[in-house]
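Heads up: the structure comes next, in structure tokens.
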Amino acid sequence: MTEIKFPKGFLWGAATAAHQVEGNQNNNWSRWEPTVAKHFAQTASKRLESKVPDWGLIKAEAEDPDNYISGRAVDHYSRYEEDFDILGQLNLSAYRFSIEWSRIEPEPGKYNEQEIAHYRQVITALRKRGIEPFVSLHHFTNPAWLDRQGGWHDKKVIERFAAYAEKLASSFGDSVKYWSTINEPTAYIFMRYLDGVIWPGWPLQENNFIRAQAAKKNFRNAHKLAYEKIKAVNPEAQVGIDHGIVWFEAANFMAKVLPPLLTKLGGAPYLNAYKEHLDYVGLHYYMRNALKFIARPPFVDYEVKNDGPMNDGGFEVYPEGIYLVSQEVKKLNKPMYITENGLPDARDKLRADFIEEHLRWLHKSIEDGADIRGYFHWSLLDNLEWSEGYWQKFGLIEVDRKTMKRTVRPSAKVYGQIAKHNGFNYPER
Ligand code: BGC
């Protein structure tokens, strides 16, 4: 046994995003889902059967069109008090969630004060339990009007987004200290503008390099302006961005040049352009991929490694990657929070070990100089995994979507004990 202790004041948290848990949305995703649900259900076996380790476990859900419709989600919008009670019972000290822009600004320039009051209550409910809110302003979904106006490749979004950020900063005052402007701009750009394949689809997906470049620039400028607006209202605020990094390796000698290239485009160096306007980096780590050259366009493909246990989605558990990506981000010299890390694991067979193994590597990263101040497991609740739908169970808490009953998974209790003791005894495996 090795005793692993985290620095004093280290934050232990869990994360969610509005569209994935709240229910009853009216945004670009909720409008798009009914147009693709049938297709995703009919093509599920072709897409997944050879990829996932246990097709029998997910077949019924993955082939049901309802799986692809966010609908009531897990009704977190009305059940947040109950969910925060569980957070408290698990000894967690922080909660990352996102605000649904389409609720706050259903029409351009018209703010819905009732919805602002709702999120104010959410923040108060957290503070009452001594839980630090980490508020994200944009997690993949857009108000439908924003897409009509051109979306993220149109530079009007910069002013619009910053005005929305300023409105919330002045509404919440100093009740919120930690703000994140945008969730995973690289995933958004890849999925929306470069025909990406992380999920089966994305609203308005296309392959348009010019728009991808424009969106990249607009994300950056929207972040900067929002950063300035929030700081002008609340100089004590800590404003960051959430960035996901996949650890890339080369599948063969021919592909040796690819990982450094991709690391530069999508890894830590991607954040250099944000550096002057970042109080912290929210880092997401899920997996590694091996890249290879192929003989047809786009000449690059990836291979999922399977040296470790495989999660329900068919991805390898590779804990060392959290060390490798955080050591890369260390070069930016900013405080870091791991704002997402988790896995789909319906039977909860891997999650407890997954958490301990990742935390062990994270701890090593801190020892090796990375200024990591907190860890948020993805996710607090089972939720809508974007266009994969509900069959991927990422929750520390299992949710029965018929009854909305919450059940705390055994791994959540293990995580809760780690949070309570600010560390754990690591059994050499
Ligand atoms: C996203 C989450 C998503 C998670 C698991 C991240 O890229 O921010 O919304 O559910 O990955 O795939």
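Just so we're on the same page: first chain in the structure tokens is A, next is B, and so on; residues restart at 1 for each chain, and ligands are numbered from 1 in the order they show up.
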Neighbourhood of ligand 1 at 9 Å, counting only C-alpha atoms and all ligand atoms, reported as a PDB file with N, CA, C and O atoms, in the first residue's frame:
```pdb
ATOM      1  N   THR A  16     -21.492  17.973 -14.924  1.00  0.00           N
ATOM      2  CA  THR A  16     -22.592  17.682 -15.857  1.00  0.00           C
ATOM      3  C   THR A  16     -22.634  18.820 -16.879  1.00  0.00           C
ATOM      4  O   THR A  16     -21.908  19.800 -16.758  1.00  0.00           O
ATOM      5  N   ALA A  17     -23.530  18.697 -17.867  1.00  0.00           N
ATOM      6  CA  ALA A  17     -23.786  19.816 -18.785  1.00  0.00           C
ATOM      7  C   ALA A  17     -25.299  19.899 -19.009  1.00  0.00           C
ATOM      8  O   ALA A  17     -25.979  18.865 -19.061  1.00  0.00           O
ATOM      9  N   HIS A  19     -27.627  20.422 -21.366  1.00  0.00           N
ATOM     10  CA  HIS A  19     -28.426  19.659 -22.329  1.00  0.00           C
ATOM     11  C   HIS A  19     -28.455  18.168 -21.993  1.00  0.00           C
ATOM     12  O   HIS A  19     -29.434  17.479 -22.279  1.00  0.00           O
ATOM     13  N   GLN A  20     -27.404  17.692 -21.373  1.00  0.00           N
ATOM     14  CA  GLN A  20     -27.297  16.267 -21.113  1.00  0.00           C
ATOM     15  C   GLN A  20     -28.119  15.796 -19.913  1.00  0.00           C
ATOM     16  O   GLN A  20     -28.428  14.624 -19.805  1.00  0.00           O
ATOM     17  N   HIS A 139     -21.731  24.760 -23.429  1.00  0.00           N
ATOM     18  CA  HIS A 139     -21.334  23.359 -23.527  1.00  0.00           C
ATOM     19  C   HIS A 139     -22.049  22.748 -24.743  1.00  0.00           C
ATOM     20  O   HIS A 139     -23.090  22.114 -24.621  1.00  0.00           O
ATOM     21  N   PHE A 140     -21.503  23.007 -25.910  1.00  0.00           N
ATOM     22  CA  PHE A 140     -21.924  22.444 -27.208  1.00  0.00           C
ATOM     23  C   PHE A 140     -23.239  22.967 -27.795  1.00  0.00           C
ATOM     24  O   PHE A 140     -23.356  23.061 -29.005  1.00  0.00           O
ATOM     25  N   ASN A 183     -16.780  25.050 -23.555  1.00  0.00           N
ATOM     26  CA  ASN A 183     -16.388  23.660 -23.381  1.00  0.00           C
ATOM     27  C   ASN A 183     -15.823  23.093 -24.681  1.00  0.00           C
ATOM     28  O   ASN A 183     -16.501  23.113 -25.710  1.00  0.00           O
ATOM     29  N   GLU A 184     -14.605  22.631 -24.634  1.00  0.00           N
ATOM     30  CA  GLU A 184     -13.964  21.891 -25.729  1.00  0.00           C
ATOM     31  C   GLU A 184     -14.179  22.486 -27.117  1.00  0.00           C
ATOM     32  O   GLU A 184     -14.808  21.858 -27.980  1.00  0.00           O
ATOM     33  N   ALA A 187     -13.327  20.015 -29.949  1.00  0.00           N
ATOM     34  CA  ALA A 187     -14.310  18.971 -30.260  1.00  0.00           C
ATOM     35  C   ALA A 187     -15.455  19.571 -31.078  1.00  0.00           C
ATOM     36  O   ALA A 187     -15.946  18.966 -32.038  1.00  0.00           O
ATOM     37  N   ILE A 198     -16.380  11.492 -33.443  1.00  0.00           N
ATOM     38  CA  ILE A 198     -16.396  11.077 -32.030  1.00  0.00           C
ATOM     39  C   ILE A 198     -17.792  10.553 -31.692  1.00  0.00           C
ATOM     40  O   ILE A 198     -17.965   9.571 -30.996  1.00  0.00           O
ATOM     41  N   TRP A 199     -18.805  11.271 -32.172  1.00  0.00           N
ATOM     42  CA  TRP A 199     -20.199  10.857 -31.993  1.00  0.00           C
ATOM     43  C   TRP A 199     -20.791  10.634 -33.388  1.00  0.00           C
ATOM     44  O   TRP A 199     -20.230  11.120 -34.388  1.00  0.00           O
ATOM     45  N   ASP A 242     -12.475  25.112 -20.905  1.00  0.00           N
ATOM     46  CA  ASP A 242     -12.355  23.657 -20.748  1.00  0.00           C
ATOM     47  C   ASP A 242     -11.860  23.058 -22.053  1.00  0.00           C
ATOM     48  O   ASP A 242     -12.490  23.217 -23.098  1.00  0.00           O
ATOM     49  N   HIS A 243     -10.747  22.382 -21.958  1.00  0.00           N
ATOM     50  CA  HIS A 243     -10.085  21.885 -23.160  1.00  0.00           C
ATOM     51  C   HIS A 243      -9.845  20.378 -23.044  1.00  0.00           C
ATOM     52  O   HIS A 243      -9.289  19.915 -22.051  1.00  0.00           O
ATOM     53  N   GLY A 244     -10.287  19.636 -24.057  1.00  0.00           N
ATOM     54  CA  GLY A 244     -10.103  18.183 -24.024  1.00  0.00           C
ATOM     55  C   GLY A 244      -8.871  17.781 -24.818  1.00  0.00           C
ATOM     56  O   GLY A 244      -8.655  18.280 -25.921  1.00  0.00           O
ATOM     57  N   HIS A 284      -9.676  18.192 -19.825  1.00  0.00           N
ATOM     58  CA  HIS A 284     -10.458  16.952 -19.938  1.00  0.00           C
ATOM     59  C   HIS A 284      -9.575  15.860 -20.504  1.00  0.00           C
ATOM     60  O   HIS A 284      -8.892  16.064 -21.500  1.00  0.00           O
ATOM     61  N   TYR A 285      -9.617  14.725 -19.877  1.00  0.00           N
ATOM     62  CA  TYR A 285      -8.885  13.587 -20.436  1.00  0.00           C
ATOM     63  C   TYR A 285      -9.760  12.340 -20.426  1.00  0.00           C
ATOM     64  O   TYR A 285     -10.310  11.969 -19.385  1.00  0.00           O
ATOM     65  N   TYR A 286      -9.876  11.682 -21.570  1.00  0.00           N
ATOM     66  CA  TYR A 286     -10.645  10.443 -21.656  1.00  0.00           C
ATOM     67  C   TYR A 286      -9.836   9.250 -22.168  1.00  0.00           C
ATOM     68  O   TYR A 286     -10.009   8.139 -21.716  1.00  0.00           O
ATOM     69  N   GLU A 340     -13.049  17.191 -16.482  1.00  0.00           N
ATOM     70  CA  GLU A 340     -13.759  15.986 -16.939  1.00  0.00           C
ATOM     71  C   GLU A 340     -12.787  14.816 -17.046  1.00  0.00           C
ATOM     72  O   GLU A 340     -11.687  14.955 -17.573  1.00  0.00           O
ATOM     73  N   ASN A 341     -13.258  13.671 -16.576  1.00  0.00           N
ATOM     74  CA  ASN A 341     -12.552  12.406 -16.722  1.00  0.00           C
ATOM     75  C   ASN A 341     -13.523  11.331 -16.262  1.00  0.00           C
ATOM     76  O   ASN A 341     -14.069  11.428 -15.175  1.00  0.00           O
ATOM     77  N   GLY A 342     -13.790  10.366 -17.120  1.00  0.00           N
ATOM     78  CA  GLY A 342     -14.757   9.347 -16.725  1.00  0.00           C
ATOM     79  C   GLY A 342     -14.916   8.306 -17.819  1.00  0.00           C
ATOM     80  O   GLY A 342     -14.157   8.279 -18.786  1.00  0.00           O
ATOM     81  N   LEU A 343     -15.927   7.444 -17.671  1.00  0.00           N
ATOM     82  CA  LEU A 343     -16.112   6.358 -18.639  1.00  0.00           C
ATOM     83  C   LEU A 343     -17.536   5.827 -18.619  1.00  0.00           C
ATOM     84  O   LEU A 343     -18.209   5.918 -17.590  1.00  0.00           O
ATOM     85  N   PRO A 344     -18.011   5.289 -19.758  1.00  0.00           N
ATOM     86  CA  PRO A 344     -19.303   4.604 -19.733  1.00  0.00           C
ATOM     87  C   PRO A 344     -19.106   3.196 -19.191  1.00  0.00           C
ATOM     88  O   PRO A 344     -18.293   2.438 -19.726  1.00  0.00           O
ATOM     89  N   TRP A 378     -16.496  12.893 -14.526  1.00  0.00           N
ATOM     90  CA  TRP A 378     -17.604  12.937 -15.473  1.00  0.00           C
ATOM     91  C   TRP A 378     -18.262  11.576 -15.469  1.00  0.00           C
ATOM     92  O   TRP A 378     -17.627  10.610 -15.852  1.00  0.00           O
ATOM     93  N   SER A 379     -19.501  11.468 -14.992  1.00  0.00           N
ATOM     94  CA  SER A 379     -20.367  12.578 -14.686  1.00  0.00           C
ATOM     95  C   SER A 379     -21.053  12.307 -13.350  1.00  0.00           C
ATOM     96  O   SER A 379     -20.996  11.186 -12.838  1.00  0.00           O
ATOM     97  N   ASN A 383     -26.477  10.267 -18.274  1.00  0.00           N
ATOM     98  CA  ASN A 383     -26.996  11.398 -19.055  1.00  0.00           C
ATOM     99  C   ASN A 383     -26.971  11.119 -20.552  1.00  0.00           C
ATOM    100  O   ASN A 383     -26.560  10.051 -20.982  1.00  0.00           O
ATOM    101  N   LEU A 384     -27.399  12.110 -21.325  1.00  0.00           N
ATOM    102  CA  LEU A 384     -27.425  11.985 -22.786  1.00  0.00           C
ATOM    103  C   LEU A 384     -26.011  12.169 -23.336  1.00  0.00           C
ATOM    104  O   LEU A 384     -25.460  13.266 -23.252  1.00  0.00           O
ATOM    105  N   GLU A 385     -25.466  11.109 -23.892  1.00  0.00           N
ATOM    106  CA  GLU A 385     -24.114  11.214 -24.450  1.00  0.00           C
ATOM    107  C   GLU A 385     -24.231  11.709 -25.906  1.00  0.00           C
ATOM    108  O   GLU A 385     -23.968  11.003 -26.854  1.00  0.00           O
ATOM    109  N   TRP A 386     -24.709  12.929 -26.044  1.00  0.00           N
ATOM    110  CA  TRP A 386     -24.852  13.584 -27.353  1.00  0.00           C
ATOM    111  C   TRP A 386     -25.526  12.656 -28.351  1.00  0.00           C
ATOM    112  O   TRP A 386     -26.503  11.996 -27.986  1.00  0.00           O
ATOM    113  N   GLN A 392     -24.919   5.097 -23.090  1.00  0.00           N
ATOM    114  CA  GLN A 392     -23.619   5.153 -22.400  1.00  0.00           C
ATOM    115  C   GLN A 392     -23.838   5.695 -20.981  1.00  0.00           C
ATOM    116  O   GLN A 392     -24.293   6.819 -20.816  1.00  0.00           O
ATOM    117  N   PHE A 394     -22.402   7.105 -17.891  1.00  0.00           N
ATOM    118  CA  PHE A 394     -21.204   7.732 -17.314  1.00  0.00           C
ATOM    119  C   PHE A 394     -21.379   8.085 -15.827  1.00  0.00           C
ATOM    120  O   PHE A 394     -20.455   8.614 -15.208  1.00  0.00           O
TER     121      PHE A 394
END
```
Non-local contacts of Glu206 in chain A (12 Å; only C-alpha atoms; under 2 positions in same chain excluded) as number ranges by chain = A: 188-197, 201-204, 208-212
A:Val325, A:Ala268, A:Ala41, A:Ala169: which is nearest Ile58 in chain A, counting only C-alpha atoms?
-> A:Ala41
Could you tell me, as a PyMOL selection string, which residues of range 148-366 of chain A DSSP assigns to strand (DSSP E or B) when given the backbone?
-> chain A and resi 178-183+194+207+238-244+247-250+280-284+288-293+300-303+310+316+336-340
Helix (DSSP H, G or I) positions in range 185-308 of chain A, given as an MDAnalysis selection string | chainID A and resid 185:193 209:233 253:255 258:266 268:277
Name all residues at most 12 Å from Lys46 in chain A (count only C-alpha atoms; drop same-chain ones fewer than 4 positions away) and give them as a ChimeraX atom specification.
-> /A:39-42,50-52,55,59,62-63,200
Find the residues near range 153-161 of chain A: any atom within 6 Å, counting only C-alpha atoms, skip ones fewer than 6 places away on the same chain, and give them as an NGL selection string.
-> :A and (211 or 214-215 or 218 or 222)
Let me see the file: selected residues, N, CA and C atoms, as a CSV table (one decimal), in the first residue's frame.
```
chain,number,residue,atom,x,y,z
A,211,ARG,N,-14.7,27.5,-42.8
A,211,ARG,CA,-15.6,27.8,-41.7
A,211,ARG,C,-15.0,27.3,-40.4
A,214,ALA,N,-12.6,29.9,-39.3
A,214,ALA,CA,-13.3,31.1,-38.8
A,214,ALA,C,-13.8,30.8,-37.4
A,215,ALA,N,-14.4,29.6,-37.2
A,215,ALA,CA,-14.9,29.2,-35.9
A,215,ALA,C,-13.8,29.2,-34.8
A,218,ASN,N,-13.2,32.7,-33.9
A,218,ASN,CA,-14.3,33.3,-33.2
A,218,ASN,C,-14.4,32.7,-31.7
A,222,ALA,N,-14.3,35.3,-28.8
A,222,ALA,CA,-15.5,35.3,-27.9
A,222,ALA,C,-15.0,35.0,-26.4
```
